[in-house]
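*Asks:* What follows is coords-v7.pdb, made up of PDB, C-alpha atoms and all ligand atoms:
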ATOM      1  CA  MET V  28      75.217 160.982  71.776
ATOM      2  CA  ASN V  29      72.174 158.765  71.447
ATOM      3  CA  ALA V  30      73.198 157.650  67.968
ATOM      4  CA  LEU V  31      76.376 156.060  69.345
ATOM      5  CA  ALA V  32      74.544 154.306  72.135
ATOM      6  CA  ASP V  33      72.114 152.909  69.564
ATOM      7  CA  GLY V  34      75.010 151.605  67.449
ATOM      8  CA  ARG V  35      74.162 153.846  64.484
ATOM      9  CA  PRO V  36      76.910 154.927  62.078
ATOM     10  CA  VAL V  37      78.388 158.299  63.077
ATOM     11  CA  VAL V  38      80.760 160.585  61.150
ATOM     12  CA  ALA V  39      82.830 163.182  63.027
ATOM     13  CA  LEU V  40      83.467 166.620  61.476
ATOM     14  CA  GLU V  41      86.077 169.188  62.471
ATOM     15  CA  SER V  42      85.409 172.867  63.178
ATOM     16  CA  THR V  43      88.703 174.646  62.419
ATOM     17  CA  ILE V  44      87.611 174.408  58.805
ATOM     18  CA  VAL V  45      84.577 176.490  59.907
ATOM     19  CA  THR V  46      86.365 179.013  62.134
ATOM     20  CA  HIS V  47      89.680 179.379  60.300
ATOM     21  CA  GLY V  48      89.380 177.547  56.960
ATOM     22  CA  MET V  49      86.669 179.514  55.151
ATOM     23  CA  PRO V  50      85.110 182.986  55.275
ATOM     24  CA  TYR V  51      81.621 183.751  56.632
ATOM     25  CA  PRO V  52      78.928 182.984  55.497
ATOM     26  CA  GLN V  53      80.214 180.232  53.175
ATOM     27  CA  ASN V  54      81.651 178.460  56.219
ATOM     28  CA  LEU V  55      78.198 178.177  57.800
ATOM     29  CA  GLU V  56      76.566 177.042  54.608
ATOM     30  CA  MET V  57      79.307 174.412  54.123
ATOM     31  CA  ALA V  58      78.909 173.144  57.707
ATOM     32  CA  ARG V  59      75.142 172.726  57.237
ATOM     33  CA  ARG V  60      75.399 171.145  53.809
ATOM     34  CA  VAL V  61      77.989 168.634  54.918
ATOM     35  CA  GLU V  62      75.823 167.539  57.844
ATOM     36  CA  GLY V  63      72.932 167.117  55.366
ATOM     37  CA  VAL V  64      75.034 164.951  53.046
ATOM     38  CA  ILE V  65      75.910 162.634  55.945
ATOM     39  CA  ARG V  66      72.276 162.321  57.062
ATOM     40  CA  ARG V  67      71.094 161.549  53.549
ATOM     41  CA  SER V  68      73.680 158.767  53.350
ATOM     42  CA  GLY V  69      72.225 157.094  56.420
ATOM     43  CA  ALA V  70      74.742 158.221  59.063
ATOM     44  CA  VAL V  71      74.672 160.772  61.893
ATOM     45  CA  PRO V  72      76.984 163.825  61.698
ATOM     46  CA  ALA V  73      78.867 164.913  64.824
ATOM     47  CA  THR V  74      80.669 168.234  64.448
ATOM     48  CA  ILE V  75      83.265 168.585  67.213
ATOM     49  CA  ALA V  76      84.233 171.958  68.734
ATOM     50  CA  ILE V  77      85.060 173.677  72.022
ATOM     51  CA  MET V  78      82.016 175.715  73.109
ATOM     52  CA  ASP V  79      82.450 178.031  76.118
ATOM     53  CA  GLY V  80      85.085 175.757  77.583
ATOM     54  CA  LYS V  81      83.198 172.504  76.962
ATOM     55  CA  LEU V  82      84.222 169.863  74.483
ATOM     56  CA  MET V  83      81.162 169.392  72.279
ATOM     57  CA  VAL V  84      80.690 166.230  70.225
ATOM     58  CA  GLY V  85      77.664 166.832  68.017
ATOM     59  CA  ALA V  86      77.371 170.630  67.728
ATOM     60  CA  LYS V  87      73.795 171.920  67.386
ATOM     61  CA  ALA V  88      72.553 174.312  64.689
ATOM     62  CA  GLN V  89      73.043 177.340  66.939
ATOM     63  CA  ASP V  90      76.568 176.179  67.852
ATOM     64  CA  LEU V  91      77.497 176.067  64.164
ATOM     65  CA  GLU V  92      76.119 179.599  63.748
ATOM     66  CA  ARG V  93      78.199 180.918  66.631
ATOM     67  CA  LEU V  94      81.406 179.237  65.459
ATOM     68  CA  ALA V  95      80.924 180.405  61.868
ATOM     69  CA  GLY V  96      80.162 183.965  63.001
ATOM     70  CA  LEU V  97      83.227 184.100  65.260
ATOM     71  CA  GLY V  98      85.580 182.839  62.562
ATOM     72  CA  GLY V  99      89.186 183.656  63.425
ATOM     73  CA  LYS V 100      88.090 185.317  66.698
ATOM     74  CA  ALA V 101      87.597 181.801  68.030
ATOM     75  CA  ALA V 102      90.760 179.962  69.008
ATOM     76  CA  LYS V 103      92.294 177.218  66.869
ATOM     77  CA  ALA V 104      92.501 174.206  69.147
ATOM     78  CA  SER V 105      95.350 171.859  68.422
ATOM     79  CA  ARG V 106      95.971 168.928  70.814
ATOM     80  CA  ARG V 107      98.290 171.000  72.987
ATOM     81  CA  ASP V 108      95.662 173.758  73.448
ATOM     82  CA  VAL V 109      92.751 171.636  74.648
ATOM     83  CA  ALA V 110      93.257 171.608  78.421
ATOM     84  CA  ALA V 111      93.990 175.351  78.628
ATOM     85  CA  LEU V 112      90.982 176.244  76.441
ATOM     86  CA  LEU V 113      88.648 174.073  78.530
ATOM     87  CA  VAL V 114      89.827 175.753  81.729
ATOM     88  CA  SER V 115      89.579 179.298  80.332
ATOM     89  CA  GLY V 116      86.034 178.739  79.007
ATOM     90  CA  LYS V 117      86.827 179.810  75.448
ATOM     91  CA  MET V 118      85.314 179.053  72.046
ATOM     92  CA  ALA V 119      87.496 177.140  69.590
ATOM     93  CA  GLY V 120      87.500 175.279  66.339
ATOM     94  CA  THR V 121      89.141 171.871  66.678
ATOM     95  CA  THR V 122      91.833 170.864  64.161
ATOM     96  CA  VAL V 123      92.078 167.432  62.575
ATOM     97  CA  ALA V 124      94.359 166.303  65.420
ATOM     98  CA  THR V 125      92.017 167.478  68.171
ATOM     99  CA  THR V 126      88.893 166.266  66.393
ATOM    100  CA  MET V 127      90.442 162.805  65.996
ATOM    101  CA  MET V 128      91.303 162.682  69.689
ATOM    102  CA  ALA V 129      87.781 163.746  70.740
ATOM    103  CA  ALA V 130      86.158 161.374  68.233
ATOM    104  CA  ALA V 131      88.155 158.460  69.644
ATOM    105  CA  TRP V 132      87.123 159.402  73.197
ATOM    106  CA  ALA V 133      83.491 159.386  72.065
ATOM    107  CA  GLY V 134      83.845 156.076  70.213
ATOM    108  CA  ILE V 135      83.565 157.511  66.671
ATOM    109  CA  GLN V 136      85.752 155.759  64.104
ATOM    110  CA  VAL V 137      85.182 157.756  60.919
ATOM    111  CA  PHE V 138      85.875 161.455  60.342
ATOM    112  CA  ALA V 139      85.464 163.640  57.243
ATOM    113  CA  THR V 140      87.375 166.829  56.498
ATOM    114  CA  GLY V 141      88.860 168.766  53.577
ATOM    115  CA  GLY V 142      92.581 168.212  53.799
ATOM    116  CA  ILE V 143      94.913 167.068  56.565
ATOM    117  CA  GLY V 144      97.736 169.212  57.869
ATOM    118  CA  GLY V 145     101.234 168.040  57.015
ATOM    119  CA  VAL V 146     104.877 168.991  56.632
ATOM    120  CA  HIS V 147     105.128 172.612  55.518
ATOM    121  CA  ARG V 148     107.424 173.657  52.710
ATOM    122  CA  GLY V 149     110.707 174.743  54.256
ATOM    123  CA  ALA V 150     110.128 172.558  57.331
ATOM    124  CA  GLU V 151     113.836 171.703  57.334
ATOM    125  CA  ALA V 152     114.347 175.266  58.597
ATOM    126  CA  THR V 153     111.092 175.986  60.501
ATOM    127  CA  PHE V 154     110.287 172.491  61.896
ATOM    128  CA  ASP V 155     106.630 173.253  61.018
ATOM    129  CA  ILE V 156     104.996 169.825  60.904
ATOM    130  CA  SER V 157     101.286 169.589  61.711
ATOM    131  CA  ALA V 158     100.253 167.767  64.880
ATOM    132  CA  ASP V 159      97.739 165.980  62.608
ATOM    133  CA  LEU V 160     100.510 163.597  61.493
ATOM    134  CA  GLU V 161     101.390 162.679  65.073
ATOM    135  CA  GLU V 162      97.726 162.184  65.975
ATOM    136  CA  LEU V 163      97.273 159.850  63.019
ATOM    137  CA  ARG V 164     100.140 157.773  64.395
ATOM    138  CA  GLN V 165      98.410 157.085  67.688
ATOM    139  CA  THR V 166      94.652 157.567  67.394
ATOM    140  CA  GLN V 167      92.273 154.993  65.962
ATOM    141  CA  VAL V 168      90.173 157.131  63.636
ATOM    142  CA  ALA V 169      89.922 156.991  59.838
ATOM    143  CA  VAL V 170      90.197 160.437  58.234
ATOM    144  CA  VAL V 171      88.547 160.854  54.839
ATOM    145  CA  CYS V 172      90.171 163.801  53.061
ATOM    146  CA  ALA V 173      91.098 165.065  49.598
ATOM    147  CA  GLY V 174      94.781 164.459  50.366
ATOM    148  CA  ALA V 175      96.795 167.454  51.499
ATOM    149  CA  LYS V 176      97.018 170.936  50.130
ATOM    150  CA  SER V 177      99.971 171.662  47.960
ATOM    151  CA  ILE V 178     100.733 174.596  50.288
ATOM    152  CA  LEU V 179     102.510 171.713  52.045
ATOM    153  CA  ASP V 180     105.486 169.622  51.002
ATOM    154  CA  ILE V 181     103.548 166.550  49.886
ATOM    155  CA  PRO V 182     106.470 164.099  49.498
ATOM    156  CA  LYS V 183     107.704 164.969  53.024
ATOM    157  CA  THR V 184     104.149 164.657  54.344
ATOM    158  CA  LEU V 185     103.849 161.162  52.855
ATOM    159  CA  GLU V 186     107.286 160.184  54.216
ATOM    160  CA  THR V 187     106.240 161.280  57.695
ATOM    161  CA  LEU V 188     102.985 159.313  57.442
ATOM    162  CA  GLU V 189     105.067 156.269  56.503
ATOM    163  CA  THR V 190     107.406 156.808  59.467
ATOM    164  CA  ASN V 191     104.345 157.110  61.696
ATOM    165  CA  GLY V 192     102.920 153.847  60.367
ATOM    166  CA  VAL V 193      99.828 155.468  58.878
ATOM    167  CA  PRO V 194      98.262 153.667  55.908
ATOM    168  CA  VAL V 195      97.202 155.956  53.058
ATOM    169  CA  LEU V 196      94.348 154.376  51.091
ATOM    170  CA  GLY V 197      93.528 155.843  47.683
ATOM    171  CA  TYR V 198      89.774 155.821  47.254
ATOM    172  CA  ARG V 199      89.371 154.590  43.648
ATOM    173  CA  THR V 200      92.726 156.194  42.815
ATOM    174  CA  ASP V 201      96.427 155.313  42.638
ATOM    175  CA  ASP V 202      97.467 158.941  43.051
ATOM    176  CA  PHE V 203      97.642 160.890  46.269
ATOM    177  CA  PRO V 204      95.307 163.826  45.614
ATOM    178  CA  ALA V 205      96.403 167.429  46.174
ATOM    179  CA  PHE V 206      93.175 168.924  47.488
ATOM    180  CA  TRP V 207      92.080 171.277  44.650
ATOM    181  CA  ALA V 208      93.782 169.022  42.074
ATOM    182  CA  ARG V 209      93.081 165.296  41.652
ATOM    183  CA  GLN V 210      96.753 164.339  41.516
ATOM    184  CA  SER V 211      99.873 165.396  43.409
ATOM    185  CA  GLY V 212     102.352 163.402  41.329
ATOM    186  CA  GLN V 213     102.823 161.029  44.298
ATOM    187  CA  LYS V 214     101.354 157.526  44.577
ATOM    188  CA  VAL V 215      99.282 156.128  47.438
ATOM    189  CA  ASP V 216     100.307 152.944  49.258
ATOM    190  CA  HIS V 217      97.102 151.025  48.608
ATOM    191  CA  ARG V 218      94.036 151.515  46.508
ATOM    192  CA  VAL V 219      90.499 150.574  47.605
ATOM    193  CA  GLU V 220      87.573 150.292  45.226
ATOM    194  CA  SER V 221      84.634 150.621  47.603
ATOM    195  CA  ALA V 222      83.528 151.899  50.981
ATOM    196  CA  GLU V 223      83.124 148.298  52.063
ATOM    197  CA  GLU V 224      86.752 147.492  51.200
ATOM    198  CA  ALA V 225      87.949 150.629  53.027
ATOM    199  CA  ALA V 226      85.837 149.640  56.049
ATOM    200  CA  ARG V 227      87.445 146.185  56.148
ATOM    201  CA  VAL V 228      90.972 147.619  56.081
ATOM    202  CA  ILE V 229      90.118 150.186  58.785
ATOM    203  CA  ALA V 230      88.418 147.606  61.008
ATOM    204  CA  LEU V 231      91.409 145.255  60.747
ATOM    205  CA  GLN V 232      93.902 148.073  61.390
ATOM    206  CA  PHE V 233      92.047 148.940  64.621
ATOM    207  CA  GLU V 234      91.618 145.307  65.637
ATOM    208  CA  LEU V 235      95.406 144.909  65.315
ATOM    209  CA  GLY V 236      95.851 147.789  67.749
ATOM    210  CA  MET V 237      97.382 150.186  65.237
ATOM    211  CA  GLY V 238      96.618 153.900  64.840
ATOM    212  CA  GLY V 239      94.777 156.079  62.339
ATOM    213  CA  VAL V 240      94.133 155.675  58.621
ATOM    214  CA  VAL V 241      94.034 158.253  55.816
ATOM    215  CA  VAL V 242      91.422 157.663  53.129
ATOM    216  CA  ALA V 243      92.469 159.891  50.226
ATOM    217  CA  ASN V 244      89.479 160.800  48.087
ATOM    218  CA  PRO V 245      90.119 163.068  45.084
ATOM    219  CA  ILE V 246      88.011 166.175  44.443
ATOM    220  CA  PRO V 247      85.181 165.467  41.949
ATOM    221  CA  GLU V 248      86.296 165.949  38.345
ATOM    222  CA  SER V 249      83.660 168.649  37.813
ATOM    223  CA  HIS V 250      85.291 170.908  40.442
ATOM    224  CA  ALA V 251      88.990 170.040  40.059
ATOM    225  CA  MET V 252      91.334 172.961  39.385
ATOM    226  CA  ASP V 253      94.327 173.098  37.110
ATOM    227  CA  ALA V 254      97.384 172.065  39.142
ATOM    228  CA  ARG V 255      99.692 174.621  37.487
ATOM    229  CA  GLU V 256      97.293 177.502  37.952
ATOM    230  CA  ILE V 257      96.858 176.752  41.646
ATOM    231  CA  GLU V 258     100.619 176.277  42.116
ATOM    232  CA  ALA V 259     101.277 179.824  40.902
ATOM    233  CA  ARG V 260      98.734 181.158  43.421
ATOM    234  CA  ILE V 261     100.248 179.080  46.241
ATOM    235  CA  GLU V 262     103.720 180.427  45.549
ATOM    236  CA  GLU V 263     102.336 183.944  45.642
ATOM    237  CA  ALA V 264     100.563 183.258  48.943
ATOM    238  CA  ILE V 265     103.715 181.756  50.506
ATOM    239  CA  LYS V 266     105.731 184.815  49.445
ATOM    240  CA  GLY V 267     103.073 186.994  51.102
ATOM    241  CA  ALA V 268     103.347 185.012  54.336
ATOM    242  CA  GLU V 269     107.132 185.391  54.326
ATOM    243  CA  ALA V 270     106.894 189.113  53.631
ATOM    244  CA  GLU V 271     104.415 189.609  56.486
ATOM    245  CA  GLY V 272     106.293 187.296  58.861
ATOM    246  CA  VAL V 273     103.326 184.917  59.307
ATOM    247  CA  SER V 274     104.317 181.583  60.823
ATOM    248  CA  ARG V 275     103.357 178.741  63.169
ATOM    249  CA  LYS V 276      99.654 178.219  63.829
ATOM    250  CA  ASP V 277      98.656 181.292  61.825
ATOM    251  CA  LEU V 278     100.315 180.038  58.662
ATOM    252  CA  THR V 279      97.684 177.553  57.388
ATOM    253  CA  PRO V 280      94.724 179.957  57.908
ATOM    254  CA  PHE V 281      96.707 182.809  56.290
ATOM    255  CA  LEU V 282      97.552 180.765  53.197
ATOM    256  CA  LEU V 283      93.978 179.473  52.812
ATOM    257  CA  LYS V 284      92.546 182.983  52.985
ATOM    258  CA  ARG V 285      95.102 184.417  50.586
ATOM    259  CA  ILE V 286      94.524 181.658  48.020
ATOM    260  CA  VAL V 287      90.761 182.302  48.063
ATOM    261  CA  GLU V 288      91.494 185.966  47.315
ATOM    262  CA  LEU V 289      94.047 185.185  44.608
ATOM    263  CA  THR V 290      91.705 182.734  42.826
ATOM    264  CA  GLU V 291      88.769 185.154  43.158
ATOM    265  CA  GLY V 292      86.795 182.641  45.181
ATOM    266  CA  LYS V 293      87.273 179.692  42.784
ATOM    267  CA  SER V 294      89.317 177.755  45.328
ATOM    268  CA  LEU V 295      86.538 178.204  47.898
ATOM    269  CA  ILE V 296      83.898 176.662  45.637
ATOM    270  CA  ALA V 297      86.246 173.736  44.990
ATOM    271  CA  ASN V 298      86.952 173.440  48.715
ATOM    272  CA  ILE V 299      83.253 173.158  49.576
ATOM    273  CA  ALA V 300      82.657 170.571  46.836
ATOM    274  CA  LEU V 301      85.466 168.343  48.033
ATOM    275  CA  VAL V 302      84.376 168.456  51.676
ATOM    276  CA  GLU V 303      80.867 167.368  50.647
ATOM    277  CA  ASN V 304      82.350 164.569  48.564
ATOM    278  CA  ASN V 305      84.465 163.425  51.528
ATOM    279  CA  ALA V 306      81.436 163.514  53.825
ATOM    280  CA  SER V 307      79.519 161.284  51.447
ATOM    281  CA  VAL V 308      82.331 158.694  51.257
ATOM    282  CA  ALA V 309      82.886 158.873  55.032
ATOM    283  CA  ALA V 310      79.194 158.192  55.633
ATOM    284  CA  GLU V 311      79.310 155.163  53.327
ATOM    285  CA  ILE V 312      82.374 153.869  55.184
ATOM    286  CA  ALA V 313      80.692 154.419  58.572
ATOM    287  CA  VAL V 314      77.622 152.516  57.371
ATOM    288  CA  ALA V 315      79.835 149.679  56.069
ATOM    289  CA  MET V 316      81.757 149.571  59.361
ATOM    290  CA  SER V 317      78.612 149.234  61.422
ATOM    291  CA  ALA V 318      77.455 146.430  59.100
ATOM    292  CA  LEU V 319      80.797 144.663  59.733
ATOM    293  CA  GLY V 320      80.268 145.171  63.465
ATOM    294  CA  SER V 321      76.834 143.556  63.430
ATOM    295  CA  GLU V 322      78.157 140.689  61.298
ATOM    296  CA  ALA V 323      80.858 140.032  63.899
ATOM    297  CA  GLU V 324      78.250 140.113  66.682
ATOM    298  CA  ALA V 325      76.046 137.659  64.797
ATOM    299  CA  LYS V 326      78.937 135.159  64.468
ATOM    300  CA  PRO V 327      80.968 135.622  67.672
ATOM    301  CA  ASN V 328      83.285 132.671  66.945
ATOM    302  CA  ALA V 329      83.971 133.490  63.335
ATOM    303  CA  SER V 330      87.133 135.543  63.899
ATOM    304  CA  ALA V 331      88.439 133.889  67.053
TER     305      ALA V 331
HETATM  306  N1  LIG T 401      93.769 172.024  55.584
HETATM  307  C1  LIG T 401      92.736 172.560  54.900
HETATM  308  N2  LIG T 401      91.792 173.321  55.540
HETATM  309  C2  LIG T 401      91.851 173.528  56.879
HETATM  310  C3  LIG T 401      92.916 172.916  57.599
HETATM  311  C4  LIG T 401      93.841 172.196  56.921
HETATM  312  O1  LIG T 401      92.671 172.364  53.715
HETATM  313  O2  LIG T 401      90.983 174.231  57.433
HETATM  314  C5  LIG T 401      92.955 173.039  59.090
HETATM  315  C6  LIG T 401      92.617 171.671  59.712
HETATM  316  O3  LIG T 401      91.851 171.877  60.885
HETATM  317  C7  LIG T 401      93.974 171.106  60.069
HETATM  318  C8  LIG T 401      94.720 172.367  60.457
HETATM  319  O4  LIG T 401      93.947 170.168  61.105
HETATM  320  O5  LIG T 401      94.273 173.341  59.515
HETATM  321  C9  LIG T 401      96.212 172.191  60.376
HETATM  322  O6  LIG T 401      96.816 173.317  60.924
HETATM  323  P1  LIG T 401      98.384 173.247  61.280
HETATM  324  O7  LIG T 401      99.071 173.192  59.953
HETATM  325  O8  LIG T 401      98.637 174.507  62.042
HETATM  326  O9  LIG T 401      98.577 171.990  62.103
HETATM  327 MN    MN T 402     102.101 174.160  62.234
END
I need this file expressed as structure tokens, please.
Ligand code: PSU
Ligand code: MN

*Replies:*
Amino acid sequence: MNALADGRPVVALESTIVTHGMPYPQNLEMARRVEGVIRRSGAVPATIAIMDGKLMVGAKAQDLERLAGLGGKAAKASRRDVAALLVSGKMAGTTVATTMMAAAWAGIQVFATGGIGGVHRGAEATFDISADLEELRQTQVAVVCAGAKSILDIPKTLETLETNGVPVLGYRTDDFPAFWARQSGQKVDHRVESAEEAARVIALQFELGMGGVVVANPIPESHAMDAREIEARIEEAIKGAEAEGVSRKDLTPFLLKRIVELTEGKSLIANIALVENNASVAAEIAVAMSALGSEAEAKPNASA
């Protein structure tokens, strides 16, 4: 990407949210709008996907159209799928884990999404823990998200992030957000008040050789849903998954789709609003990080 070579701020975006996270055509509209938000905030968007067996960093308009149109017919590329999908020449949306890995290869430090994957409810029996948590342990990318969906076990997700040494920064909040709701009932480790402060923590974390960072940014008040209402819908969706025997990599997409149906599309509108909000904060952080970078270049001895 030229933008990277020129030292401009870049924000990575994932594509499983396009292929498996939302229905067509709202997925396409969301993908375009989010790229627009990042541009207007002075950064360059780079949507990451697997296109015909090639890892694409910076999908073009027609790539977004193809991915959105394919939806669940495209593969869902987790870290373990990447090599096989590249060899077989397939189309795939990249998950948070895979997008982080590709972003780091490309030299992109900031990534915006909706929610991260985590420890599923009942994981003590199924062992279903998203590869996103393992990627955050090892890969130097900051992920701006609206917390994790309460389809997951949020306390176990936060415990696993702690075990993996992943800082969770609350963006102007003390509460870990639960995606559609602004609060999960769990606290974050550290609160930051500005993009600049987040950028300084992220830059230091990477300089110290540690792995990823979660920036937890609550859904805007205007679009937040009632936590109890959404909980009832989630329980219904989980029961449906159990009844139909849906598990493993199909579980997250199944639950997302079912919850959109059960909320008559309300959860989808909220989902789009929170991704845009995350993109805007991620762009501000990317801009602040490149300002820190040029400061360090201007005073090479300052941090020796
Ligand atoms: N959470 C969402 N929307 C999504 C996903 C998660 O609110 O679309 C996607 C992301 O790509 C995430 C993946 O990385 O689901 C996690 O899937 P799994 O639980 O199978 O690891
Ligand atoms: Mn899983």

*Asks:* Which residue, V:Ser221, V:Ser177, V:Asn298, V:Ser274, has the smallest gap to ligand MN 402 (chain T) when you use only C-alpha atoms and all ligand atoms?

*Replies:*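 Checking each candidate against ligand MN 402 (chain T), we get V:Ser274 as the closest.
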
*Asks:* For ligand LIG 401 (chain T), return the neighbouring residues as a PyMOL selection string (distance at most 8 Å; all atoms listed in the file).

*Replies:* chain V and resi 41-45+47-49+105+120-125+140-147+155-159+175-176+206+275-280+283+298

*Asks:* Give the answer as one residue: which of V:Gly63, V:Gly149, V:Gly69, V:Gly99 has the shortest atom-to-atom distance to ligand MN 402 (chain T), using only C-alpha atoms and all ligand atoms?

*Replies:*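 Ranking V:Gly63, V:Gly149, V:Gly69, V:Gly99 by distance to ligand MN 402 (chain T), first place goes to V:Gly149.
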
*Asks:* When distances are computed from all atoms listed in the file, which of V:Glu161, V:Glu186, V:Glu220, V:Glu291 shows the smallest separation from ligand MN 402 (chain T)?

*Replies:*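 Of V:Glu161, V:Glu186, V:Glu220, V:Glu291, the one nearest ligand MN 402 (chain T), counting all atoms listed in the file, is V:Glu161.
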
*Asks:* Residues at most 9 Å from Ala300 of chain V, counting all atoms listed in the file, excluding those fewer than 2 positions away in the same chain, as number ranges by chain?

*Replies:* V: 57, 246-247, 250, 295-298, 302-305

*Asks:* Evaluated on this file, the PyMOL selection byres (((chain V and resi 98) around 8) and not hetatm) picks out some residues - which ones are they, written as a ChimeraX atom specification?

*Replies:* /V:45-47,50-51,94-97,99-101

*Asks:* Expanded to explicit residues, what is the PyMOL selection byres (((chain V and resi 222) around 8) and not hetatm) for this file, as an MDAnalysis selection string?

*Replies:* chainID V and resid 219:221 223:226 308 311:312 315

*Asks:* Please report the interatomic distance between atom CA of Val168 of chain V and atom CA of Val240 of chain V in Å with one decimal.

*Replies:*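 Distance between the two atoms: 6.6 Å.
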
*Asks:* Taking the block above, write segment 159-178 of chain V with N, CA and C atoms as a PDB file, in the first residue's frame.

*Replies:*
ATOM      1  N   ASP V 159      -9.283 -15.366  18.319  1.00  0.00           N
ATOM      2  CA  ASP V 159      -8.988 -13.929  18.480  1.00  0.00           C
ATOM      3  C   ASP V 159      -8.196 -13.674  19.768  1.00  0.00           C
ATOM      4  N   LEU V 160      -8.519 -14.419  20.834  1.00  0.00           N
ATOM      5  CA  LEU V 160      -7.883 -14.158  22.130  1.00  0.00           C
ATOM      6  C   LEU V 160      -6.411 -14.583  22.118  1.00  0.00           C
ATOM      7  N   GLU V 161      -6.116 -15.618  21.366  1.00  0.00           N
ATOM      8  CA  GLU V 161      -4.749 -16.109  21.233  1.00  0.00           C
ATOM      9  C   GLU V 161      -3.940 -15.167  20.327  1.00  0.00           C
ATOM     10  N   GLU V 162      -4.600 -14.646  19.302  1.00  0.00           N
ATOM     11  CA  GLU V 162      -3.919 -13.708  18.399  1.00  0.00           C
ATOM     12  C   GLU V 162      -3.566 -12.422  19.142  1.00  0.00           C
ATOM     13  N   LEU V 163      -4.483 -11.969  19.984  1.00  0.00           N
ATOM     14  CA  LEU V 163      -4.225 -10.754  20.760  1.00  0.00           C
ATOM     15  C   LEU V 163      -3.009 -10.944  21.665  1.00  0.00           C
ATOM     16  N   ARG V 164      -2.818 -12.162  22.134  1.00  0.00           N
ATOM     17  CA  ARG V 164      -1.653 -12.443  22.987  1.00  0.00           C
ATOM     18  C   ARG V 164      -0.350 -12.159  22.254  1.00  0.00           C
ATOM     19  N   GLN V 165      -0.287 -12.511  20.985  1.00  0.00           N
ATOM     20  CA  GLN V 165       1.014 -12.511  20.305  1.00  0.00           C
ATOM     21  C   GLN V 165       1.210 -11.440  19.249  1.00  0.00           C
ATOM     22  N   THR V 166       0.174 -10.789  18.779  1.00  0.00           N
ATOM     23  CA  THR V 166       0.312  -9.934  17.602  1.00  0.00           C
ATOM     24  C   THR V 166       0.136  -8.460  17.954  1.00  0.00           C
ATOM     25  N   GLN V 167       1.089  -7.652  17.496  1.00  0.00           N
ATOM     26  CA  GLN V 167       1.138  -6.250  17.895  1.00  0.00           C
ATOM     27  C   GLN V 167       0.205  -5.389  17.056  1.00  0.00           C
ATOM     28  N   VAL V 168      -1.076  -5.487  17.349  1.00  0.00           N
ATOM     29  CA  VAL V 168      -2.090  -4.663  16.693  1.00  0.00           C
ATOM     30  C   VAL V 168      -3.091  -4.253  17.771  1.00  0.00           C
ATOM     31  N   ALA V 169      -3.533  -2.995  17.718  1.00  0.00           N
ATOM     32  CA  ALA V 169      -4.571  -2.525  18.640  1.00  0.00           C
ATOM     33  C   ALA V 169      -5.926  -2.696  17.973  1.00  0.00           C
ATOM     34  N   VAL V 170      -6.858  -3.346  18.668  1.00  0.00           N
ATOM     35  CA  VAL V 170      -8.178  -3.635  18.110  1.00  0.00           C
ATOM     36  C   VAL V 170      -9.212  -2.752  18.809  1.00  0.00           C
ATOM     37  N   VAL V 171      -9.803  -1.847  18.041  1.00  0.00           N
ATOM     38  CA  VAL V 171     -10.849  -0.980  18.599  1.00  0.00           C
ATOM     39  C   VAL V 171     -12.190  -1.662  18.360  1.00  0.00           C
ATOM     40  N   CYS V 172     -12.905  -1.965  19.449  1.00  0.00           N
ATOM     41  CA  CYS V 172     -14.153  -2.716  19.342  1.00  0.00           C
ATOM     42  C   CYS V 172     -15.127  -2.224  20.404  1.00  0.00           C
ATOM     43  N   ALA V 173     -16.386  -2.654  20.284  1.00  0.00           N
ATOM     44  CA  ALA V 173     -17.391  -2.279  21.286  1.00  0.00           C
ATOM     45  C   ALA V 173     -17.479  -3.371  22.349  1.00  0.00           C
ATOM     46  N   GLY V 174     -16.328  -3.894  22.758  1.00  0.00           N
ATOM     47  CA  GLY V 174     -16.280  -4.978  23.736  1.00  0.00           C
ATOM     48  C   GLY V 174     -16.557  -6.300  23.049  1.00  0.00           C
ATOM     49  N   ALA V 175     -17.300  -7.156  23.720  1.00  0.00           N
ATOM     50  CA  ALA V 175     -17.633  -8.461  23.155  1.00  0.00           C
ATOM     51  C   ALA V 175     -19.119  -8.660  23.315  1.00  0.00           C
ATOM     52  N   LYS V 176     -19.674  -9.419  22.387  1.00  0.00           N
ATOM     53  CA  LYS V 176     -21.108  -9.670  22.446  1.00  0.00           C
ATOM     54  C   LYS V 176     -21.435 -10.513  23.640  1.00  0.00           C
ATOM     55  N   SER V 177     -22.597 -10.242  24.219  1.00  0.00           N
ATOM     56  CA  SER V 177     -22.995 -11.050  25.361  1.00  0.00           C
ATOM     57  C   SER V 177     -23.523 -12.418  24.925  1.00  0.00           C
ATOM     58  N   ILE V 178     -23.369 -12.787  23.631  1.00  0.00           N
ATOM     59  CA  ILE V 178     -23.543 -14.209  23.280  1.00  0.00           C
ATOM     60  C   ILE V 178     -22.391 -15.003  23.887  1.00  0.00           C
TER      61      ILE V 178
END
